[in-house]
>>> print(open('coords_7.txt').read())   # compact mmCIF, C-alpha atoms and all ligand atoms
# COMPACT_ATOMS: atom_id res chain seq x y z
CA MET R 1 78.41 98.82 109.72
CA ILE R 2 79.70 102.35 109.45
CA ASN R 3 82.51 103.37 107.11
CA ARG R 4 84.93 106.26 107.07
CA LYS R 5 83.04 108.21 104.42
CA GLN R 6 79.85 108.14 106.50
CA ILE R 7 81.79 109.45 109.50
CA ILE R 8 83.24 112.29 107.47
CA ASP R 9 79.73 113.14 106.20
CA LEU R 10 78.54 113.24 109.81
CA LEU R 11 81.45 115.47 110.77
CA HIS R 12 80.45 117.88 108.03
CA PHE R 13 76.79 117.71 108.88
CA ARG R 14 75.39 121.15 109.54
CA SER R 15 72.45 121.13 111.92
CA GLY R 16 71.65 124.81 111.36
CA SER R 17 72.11 125.43 115.11
CA HIS R 18 69.64 122.67 116.01
CA GLN R 19 70.62 120.13 118.64
CA VAL R 20 71.83 116.70 117.55
CA LEU R 21 71.46 113.69 119.80
CA SER R 22 74.31 111.17 119.46
CA PHE R 23 73.54 107.93 121.20
CA TYR R 24 75.84 104.95 121.72
CA MET R 25 75.09 101.69 123.38
CA GLY R 26 77.14 98.56 123.90
CA ILE R 27 74.40 95.99 123.41
CA GLY R 28 76.84 93.10 123.89
CA VAL R 29 77.30 94.10 127.52
CA TYR R 30 73.62 93.43 128.19
CA LYS R 31 73.78 90.18 126.26
CA ALA R 32 70.92 91.61 124.22
CA GLN R 33 68.52 91.60 127.19
CA ARG R 34 66.03 94.10 125.91
CA LYS R 35 64.62 95.31 129.19
CA ALA R 36 68.12 95.92 130.54
CA TYR R 37 69.41 98.02 127.67
CA GLU R 38 66.12 99.81 127.16
CA ILE R 39 66.15 100.99 130.79
CA GLU R 40 69.79 101.98 130.59
CA ALA R 41 69.18 103.84 127.31
CA LYS R 42 66.38 105.82 128.89
CA ASP R 43 68.57 106.76 131.86
CA ILE R 44 71.56 107.95 129.88
CA MET R 45 69.45 109.95 127.43
CA LYS R 46 67.51 111.57 130.26
CA LYS R 47 70.75 112.53 131.96
CA ALA R 48 72.27 113.95 128.77
CA VAL R 49 69.18 116.03 128.02
CA ALA R 50 69.14 117.40 131.58
CA GLU R 51 72.84 118.28 131.39
CA ALA R 52 72.38 120.10 128.10
CA GLY R 53 70.27 122.65 129.99
CA LEU R 54 67.89 123.31 127.11
CA SER R 55 64.50 124.92 127.27
CA GLY R 56 61.45 125.64 125.17
CA GLU R 57 61.26 124.38 121.62
CA GLU R 58 64.85 123.15 121.64
CA ARG R 59 64.13 120.87 124.56
CA GLU R 60 60.91 119.59 122.99
CA HIS R 61 62.76 118.67 119.81
CA VAL R 62 65.45 116.76 121.69
CA GLU R 63 62.81 114.95 123.71
CA GLU R 64 61.13 113.88 120.47
CA ASP R 65 64.43 112.43 119.34
CA VAL R 66 64.74 110.58 122.66
CA HIS R 67 61.28 109.08 122.08
CA ARG R 68 62.14 108.06 118.58
CA ILE R 69 65.25 106.22 119.81
CA GLN R 70 63.26 104.52 122.55
CA ASN R 71 60.67 103.39 120.03
CA PHE R 72 63.37 102.13 117.75
CA LEU R 73 64.89 100.08 120.59
CA THR R 74 61.53 98.59 121.52
CA MET R 75 60.03 98.01 118.09
CA ASP R 76 62.69 97.65 115.44
CA PHE R 77 66.05 96.83 116.87
CA LYS R 78 65.60 93.46 118.60
CA GLY R 79 69.17 93.37 119.88
CA ARG R 80 70.71 92.28 116.60
CA ALA R 81 74.13 93.93 116.92
CA LYS R 82 76.91 94.11 119.48
CA GLY R 83 76.81 97.87 119.50
CA LEU R 84 74.62 100.68 118.32
CA ALA R 85 75.21 104.27 117.21
CA ILE R 86 72.29 106.59 116.48
CA PHE R 87 72.44 110.20 115.32
CA ALA R 88 69.15 112.06 115.50
CA SER R 89 67.92 115.59 115.02
CA LYS R 90 64.34 115.89 113.87
CA PRO R 91 64.43 119.64 113.08
CA ALA R 92 67.66 119.16 111.08
CA GLY R 93 66.30 116.10 109.29
CA LEU R 94 68.89 113.70 110.67
CA TRP R 95 68.19 110.08 111.58
CA GLN R 96 70.95 107.53 111.14
CA VAL R 97 71.25 104.16 112.80
CA PHE R 98 74.42 102.12 112.66
CA ARG R 99 74.56 98.55 113.91
CA LEU R 100 78.11 97.91 115.04
CA PRO R 101 79.96 94.60 115.12
CA VAL R 102 81.70 95.56 118.37
CA THR R 103 80.51 96.88 121.68
CA VAL R 104 80.94 100.58 122.48
CA PRO R 105 80.71 102.40 125.82
CA ASP R 106 77.16 103.62 126.56
CA ARG R 107 77.03 107.32 125.96
CA CYS R 108 74.70 110.09 124.94
CA VAL R 109 75.76 113.55 123.82
CA VAL R 110 73.51 116.49 122.99
CA ASP R 111 75.33 119.08 120.93
CA GLN R 112 75.03 121.12 117.75
CA MET R 113 77.05 118.55 115.84
CA PRO R 114 77.14 114.77 115.74
CA PHE R 115 79.60 113.27 118.20
CA VAL R 116 81.48 110.71 116.14
CA LEU R 117 84.54 109.79 118.15
CA PRO R 118 83.37 106.37 119.38
CA VAL R 119 82.76 105.21 115.81
CA LEU R 120 85.93 106.85 114.59
CA LYS R 121 87.77 104.68 117.06
CA ILE R 122 86.40 101.46 115.65
CA VAL R 123 86.61 102.25 111.96
CA ASP R 124 90.12 101.39 110.98
CA GLU R 125 90.24 100.03 107.45
CA GLY R 126 93.72 98.65 108.07
CA ARG R 127 92.10 96.19 110.45
CA ARG R 128 90.12 94.51 107.72
CA TYR R 129 91.48 91.03 107.02
CA CYS R 130 90.91 88.87 104.00
CA VAL R 131 90.96 85.18 104.84
CA VAL R 132 91.27 82.67 102.04
CA ILE R 133 91.04 78.93 102.53
CA ALA R 134 91.93 76.89 99.48
CA ASP R 135 92.57 73.40 98.24
CA LYS R 136 93.33 72.24 94.73
CA GLU R 137 89.87 72.88 93.31
CA LYS R 138 87.90 74.91 95.84
CA ALA R 139 88.39 78.11 97.80
CA ARG R 140 86.42 80.14 100.32
CA LEU R 141 86.98 83.85 100.84
CA PHE R 142 86.10 85.63 104.07
CA THR R 143 86.54 89.08 105.49
CA VAL R 144 87.22 89.56 109.16
CA TYR R 145 86.57 93.01 110.53
CA LEU R 146 86.45 93.90 114.19
CA GLY R 147 85.83 90.34 115.21
CA GLU R 148 83.06 89.75 112.68
CA ILE R 149 83.66 87.13 110.00
CA LEU R 150 81.72 87.13 106.74
CA GLU R 151 81.89 84.51 104.04
CA ARG R 152 82.18 86.46 100.83
CA GLU R 153 82.85 84.16 97.98
CA ASP R 154 83.11 80.48 97.10
CA ILE R 155 85.22 79.39 94.20
CA LEU R 156 84.92 76.00 92.59
CA ASP R 157 87.04 75.21 89.54
CA ASP R 158 86.69 72.15 87.46
CA VAL R 159 89.83 70.12 88.13
CA PRO R 160 89.82 66.63 86.62
CA GLY R 161 90.08 63.78 89.08
CA TRP R 162 92.42 60.82 89.10
CA HIS R 163 91.99 57.93 86.77
CA LYS R 164 93.59 54.58 87.38
CA GLN R 165 96.05 54.49 84.56
CA GLY R 166 99.68 53.61 84.44
CA GLY R 167 102.92 54.59 82.79
CA LEU R 168 103.29 57.44 80.38
CA ALA R 169 99.58 58.20 80.19
CA GLN R 170 99.48 58.80 83.92
CA ALA R 171 102.46 61.13 83.89
CA ARG R 172 100.83 63.17 81.14
CA PHE R 173 97.55 63.18 82.99
CA GLN R 174 99.30 64.31 86.16
CA ARG R 175 100.71 67.33 84.28
CA HIS R 176 97.25 68.03 82.94
CA ILE R 177 95.82 68.07 86.46
CA GLU R 178 98.61 70.30 87.74
CA ASP R 179 97.83 72.80 84.96
CA HIS R 180 94.26 72.91 86.15
CA VAL R 181 95.36 73.36 89.77
CA ASN R 182 97.62 76.24 88.78
CA ARG R 183 94.80 77.88 86.85
CA HIS R 184 92.48 77.41 89.83
CA LEU R 185 94.98 79.01 92.22
CA LYS R 186 95.51 81.88 89.80
CA HIS R 187 91.73 82.32 89.70
CA VAL R 188 91.70 82.50 93.53
CA ALA R 189 94.57 85.01 93.53
CA ASP R 190 92.82 87.18 90.91
CA THR R 191 89.56 87.09 92.86
CA MET R 192 91.43 88.23 95.97
CA PHE R 193 93.06 91.09 94.10
CA GLY R 194 89.73 92.15 92.60
CA PHE R 195 88.30 92.09 96.06
CA TYR R 196 91.18 94.18 97.34
CA LYS R 197 90.64 96.80 94.64
CA ALA R 198 86.92 96.95 95.32
CA GLU R 199 86.92 97.04 99.13
CA GLY R 200 90.46 97.18 100.43
CA PHE R 201 91.84 95.25 103.36
CA GLY R 202 94.95 95.55 105.45
CA HIS R 203 96.04 91.94 105.72
CA VAL R 204 95.72 88.52 104.21
CA ILE R 205 95.47 85.20 106.06
CA ILE R 206 95.89 82.02 104.05
CA GLY R 207 94.58 78.61 105.02
CA GLY R 208 95.01 75.22 103.42
CA SER R 209 97.60 72.50 103.15
CA GLN R 210 101.24 73.50 103.24
CA GLU R 211 101.53 72.79 99.51
CA VAL R 212 98.49 74.86 98.52
CA ARG R 213 99.51 77.77 100.75
CA THR R 214 102.93 77.90 99.14
CA ARG R 215 101.58 77.62 95.61
CA LEU R 216 98.86 80.23 96.20
CA ASN R 217 101.31 82.63 97.78
CA ARG R 218 103.51 82.31 94.71
CA VAL R 219 100.76 83.48 92.33
CA LEU R 220 99.40 86.25 94.57
CA HIS R 221 99.76 89.85 93.45
CA SER R 222 103.04 91.13 94.90
CA TYR R 223 101.25 93.67 97.09
CA LEU R 224 99.02 90.99 98.58
CA GLN R 225 102.11 88.87 99.17
CA SER R 226 103.56 91.73 101.18
CA ILE R 227 100.55 91.90 103.50
CA VAL R 228 100.22 88.22 104.36
CA ALA R 229 99.81 88.26 108.14
CA GLY R 230 99.92 84.53 108.67
CA TYR R 231 98.79 81.04 107.80
CA ILE R 232 96.20 78.80 109.37
CA SER R 233 95.76 75.08 108.99
CA ALA R 234 92.01 75.20 108.28
CA ASP R 235 90.76 73.52 105.12
CA VAL R 236 87.77 74.24 102.90
CA THR R 237 85.53 71.90 104.90
CA SER R 238 86.42 73.50 108.27
CA ASN R 239 83.70 74.79 110.51
CA ILE R 240 83.35 78.59 110.46
CA ASN R 241 83.99 78.84 114.21
CA ASP R 242 87.35 77.11 113.85
CA ILE R 243 88.28 79.40 110.97
CA THR R 244 87.22 82.44 113.02
CA ASP R 245 89.23 81.37 116.06
CA ALA R 246 92.36 80.75 114.03
CA ALA R 247 91.98 84.01 112.09
CA ARG R 248 91.31 86.03 115.25
CA LYS R 249 94.46 84.75 116.86
CA ILE R 250 96.51 86.01 113.93
CA GLU R 251 94.54 89.27 113.86
CA GLN R 252 95.24 89.90 117.53
CA GLU R 253 98.95 89.16 117.25
CA THR R 254 99.22 91.32 114.15
CA GLU R 255 97.40 94.28 115.71
CA GLU R 256 99.52 94.10 118.87
CA ARG R 257 102.68 93.97 116.80
CA LYS R 258 101.55 96.91 114.63
CA ALA R 259 100.71 99.08 117.66
CA LYS R 260 104.08 98.27 119.21
CA GLU R 261 105.91 99.07 115.99
CA ILE R 262 104.10 102.39 115.61
CA ALA R 263 104.90 103.43 119.18
CA GLU R 264 108.53 102.39 118.72
CA ARG R 265 108.79 104.28 115.46
CA LEU R 266 107.40 107.44 117.05
CA LEU R 267 109.69 107.17 120.03
CA ALA R 268 112.84 106.27 118.09
CA ARG R 269 113.38 109.89 117.06
CA SER R 270 115.90 108.94 114.48
CA GLY R 271 116.27 112.61 113.65
CA ARG R 272 115.64 114.47 110.43
CA GLY R 273 113.69 112.68 107.78
CA ASP R 274 112.08 110.17 110.14
CA MET R 275 108.67 111.60 109.20
CA THR R 276 107.23 111.51 112.69
CA VAL R 277 106.34 113.97 115.41
CA THR R 278 105.47 113.46 119.06
CA GLY R 279 103.96 115.64 121.73
CA LEU R 280 100.82 117.74 121.63
CA LYS R 281 102.31 120.96 120.27
CA ASN R 282 104.21 119.41 117.37
CA THR R 283 101.37 117.08 116.47
CA VAL R 284 98.79 119.88 116.33
CA ALA R 285 101.12 121.98 114.16
CA ALA R 286 101.59 119.06 111.76
CA LEU R 287 97.82 118.42 111.71
CA GLN R 288 97.09 122.05 110.88
CA GLU R 289 99.64 121.96 108.05
CA GLY R 290 97.93 118.89 106.62
CA ARG R 291 101.11 116.83 107.04
CA VAL R 292 99.70 114.06 109.20
CA HIS R 293 99.15 110.67 107.63
CA THR R 294 98.27 108.84 110.84
CA LEU R 295 97.48 110.38 114.20
CA VAL R 296 98.50 108.03 117.00
CA LEU R 297 96.76 108.18 120.38
CA VAL R 298 96.96 105.99 123.45
CA ASP R 299 93.67 104.25 124.14
CA ASN R 300 91.88 105.69 127.19
CA PHE R 301 94.63 108.20 127.94
CA GLU R 302 93.64 111.75 128.81
CA ILE R 303 95.55 114.64 127.29
CA GLY R 304 95.01 117.94 129.06
CA GLY R 305 95.06 121.00 126.81
CA CYS R 306 93.23 124.01 125.49
CA LEU R 307 90.57 124.07 122.83
CA CYS R 308 89.52 126.80 120.42
CA GLY R 309 85.72 126.75 120.39
CA ASP R 310 85.80 128.61 117.11
CA CYS R 311 88.02 126.64 114.74
CA GLY R 312 88.39 123.46 116.80
CA SER R 313 92.14 123.70 117.06
CA VAL R 314 93.95 122.39 120.11
CA GLU R 315 96.82 123.95 122.05
CA VAL R 316 98.97 122.91 124.98
CA MET R 317 97.89 123.76 128.52
CA GLY R 318 98.52 127.39 129.42
CA SER R 319 98.03 128.80 125.92
CA LYS R 320 95.85 131.89 125.76
CA ASP R 321 94.87 132.54 122.16
CA CYS R 322 94.36 130.21 119.24
CA ALA R 323 97.43 130.23 117.00
CA TYR R 324 95.22 129.88 113.93
CA CYS R 325 92.27 132.19 114.45
CA LYS R 326 93.42 134.23 117.48
CA LYS R 327 90.22 133.50 119.43
CA LYS R 328 90.30 132.87 123.16
CA LEU R 329 90.93 129.26 124.23
CA SER R 330 89.23 127.24 126.94
CA LYS R 331 90.92 124.69 129.18
CA ILE R 332 89.86 121.07 128.63
CA GLY R 333 90.67 118.00 130.74
CA ASP R 334 91.02 115.77 127.73
CA VAL R 335 91.60 116.97 124.20
CA SER R 336 92.21 113.53 122.68
CA GLU R 337 88.74 113.40 121.12
CA HIS R 338 89.19 116.83 119.61
CA LEU R 339 92.52 115.74 118.16
CA ALA R 340 90.90 112.72 116.54
CA VAL R 341 88.21 114.90 114.98
CA LEU R 342 90.83 117.39 113.79
CA ALA R 343 92.71 114.51 112.20
CA VAL R 344 89.69 113.24 110.29
CA GLU R 345 88.93 116.77 109.11
CA HIS R 346 92.46 116.90 107.72
CA ASP R 347 91.99 113.54 106.04
CA ALA R 348 94.39 111.73 108.37
CA GLU R 349 93.86 108.29 109.82
CA VAL R 350 93.57 107.75 113.54
CA LYS R 351 95.26 104.86 115.26
CA TYR R 352 94.92 103.90 118.90
CA VAL R 353 97.72 102.02 120.62
CA GLN R 354 97.49 100.16 123.88
CA PRO R 355 98.54 101.89 127.12
CA LYS R 356 102.12 101.51 128.40
CA SER R 357 103.50 101.87 124.90
CA GLY R 358 105.85 104.63 126.05
CA LEU R 359 103.86 107.31 124.20
CA GLU R 360 102.48 108.53 127.54
CA GLU R 361 105.82 110.29 128.12
CA VAL R 362 105.27 112.51 125.08
CA ASP R 363 101.76 113.72 126.00
CA GLY R 364 100.27 110.44 124.76
CA VAL R 365 100.18 111.63 121.18
CA GLY R 366 102.23 111.58 118.02
CA ALA R 367 101.86 111.28 114.29
CA ILE R 368 103.32 109.68 111.23
CA LEU R 369 103.72 112.34 108.56
CA ARG R 370 103.11 112.44 104.86
CA TRP R 371 105.96 114.87 104.27
ZN ZN Z 401 90.93 128.80 116.53
>>> encode(input="coords_7.txt", output="structure tokens", more="lines below")
Ligand SMILES: [Zn+2]
Amino acid sequence: MINRKQIIDLLHFRSGSHQVLSFYMGIGVYKAQRKAYEIEAKDIMKKAVAEAGLSGEEREHVEEDVHRIQNFLTMDFKGRAKGLAIFASKPAGLWQVFRLPVTVPDRCVVDQMPFVLPVLKIVDEGRRYCVVIADKEKARLFTVYLGEILEREDILDDVPGWHKQGGLAQARFQRHIEDHVNRHLKHVADTMFGFYKAEGFGHVIIGGSQEVRTRLNRVLHSYLQSIVAGYISADVTSNINDITDAARKIEQETEERKAKEIAERLLARSGRGDMTVTGLKNTVAALQEGRVHTLVLVDNFEIGGCLCGDCGSVEVMGSKDCAYCKKKLSKIGDVSEHLAVLAVEHDAEVKYVQPKSGLEEVDGVGAILRW
């Protein structure tokens, strides 16, 4: 899996004017049928190389990279991922393969820098979920990220069992057991917080009996309490598929709600101090000033505009010169990818919301600001 840091490193990769081949393939679409995706891979790479209009040594180098990718697909890959991203440039010493947990549109780009947008779109750390399923002596911790569930940790604490005793002795023993249960749940909560500090996640999902959920929630770190997305009725013996289904349902509802809230916040225009901007011009200005915390784009929505080939800045349609470096601009049918790259370069997050969110009326772009 690819993380944000690796994407930023790719964005800063300098090929020394050599060509870089960026190759994406949605393996899931082919249901991992090797012949099918190998043929498709060959076609899209061939097309991309032809379109790049290269000649001589440059073309030879790119063709070597094409061969290397084909060999990788045939020999090493074996279809074990839903998606694939490969960045290759032999003369620049670049070869990076990322197996992705989600499918991506098939695409091949030959350019002097890695084309990272498709992976940028899927890396959204806020979409990492921590799922904890607990009872009074055991717990299982999972992470769910982009539909992939991983079991991360099992916790088993020694909680004494019941003895058949009566009267006072039993009452005392009951308190003794409850102490152990509390310590166990505190152990689970501490493990989750340690996990949060080490890896980060955007949301928590808690599973278990009503009683355990309530008691665990009570001892959770207050920040983790604030990011509980929902509860599921799975228990520690549940089958992983049932846990995944239940967690995914909450993930989907949460993501839809978040996207809706973001779009509403951007469109509310509550006036001064609302820390948002909308529209291409305002958003680019805020990006260039380093004020953007989260750039918000509509998924699969094209934003016409002008691009500065020199500094990578974006301007509204009809602009002539770059406001930042005064170079001449070129007209582009869709600048949304360039905006996303600009955002990552300015250390902002990128969030995609579903179409028909209302953002289309303000050029399909806006941002939540840091200041
Ligand atoms: Zn410029």
>>> closest_residue(input="coords_7.txt", among="R:Cys311, R:Val344, R:Ile44, R:Val277", to="Leu329 in chain R", atoms="only C-alpha atoms")
R:Cys311
>>> closest_residue(input="coords_7.txt", among="R:Asp135, R:Arg59, R:Ile368, R:Glu153", to="Gly290 in chain R", atoms="only C-alpha atoms")
R:Ile368
>>> atom_distance(input="coords_7.txt", atom1="CA of Asp363 in chain R", atom2="CA of Thr294 in chain R")
16.3 Å
>>> closest_residue(input="coords_7.txt", among="R:Thr103, R:Thr278, R:Ser319, R:Asn71", to="ligand ZN 401 (chain Z)", atoms="all atoms listed in the file")
R:Ser319
>>> residues_near_ligand(input="coords_7.txt", ligand="ligand ZN 401 (chain Z)", cutoff="6 Å", atoms="only C-alpha atoms and all ligand atoms", output="MDAnalysis selection string")
chainID R and resid 308 310:313 322 324:325 327
>>> atom_distance(input="coords_7.txt", atom1="CA of Leu54 in chain R", atom2="CA of Thr74 in chain R")
26.1 Å
>>> atom_distance(input="coords_7.txt", atom1="CA of Leu94 in chain R", atom2="CA of Gly28 in chain R")
25.7 Å
>>> closest_residue(input="coords_7.txt", among="R:Pro101, R:Lys90, R:His12, R:Gly207", to="Asp242 in chain R", atoms="all atoms listed in the file")
R:Gly207
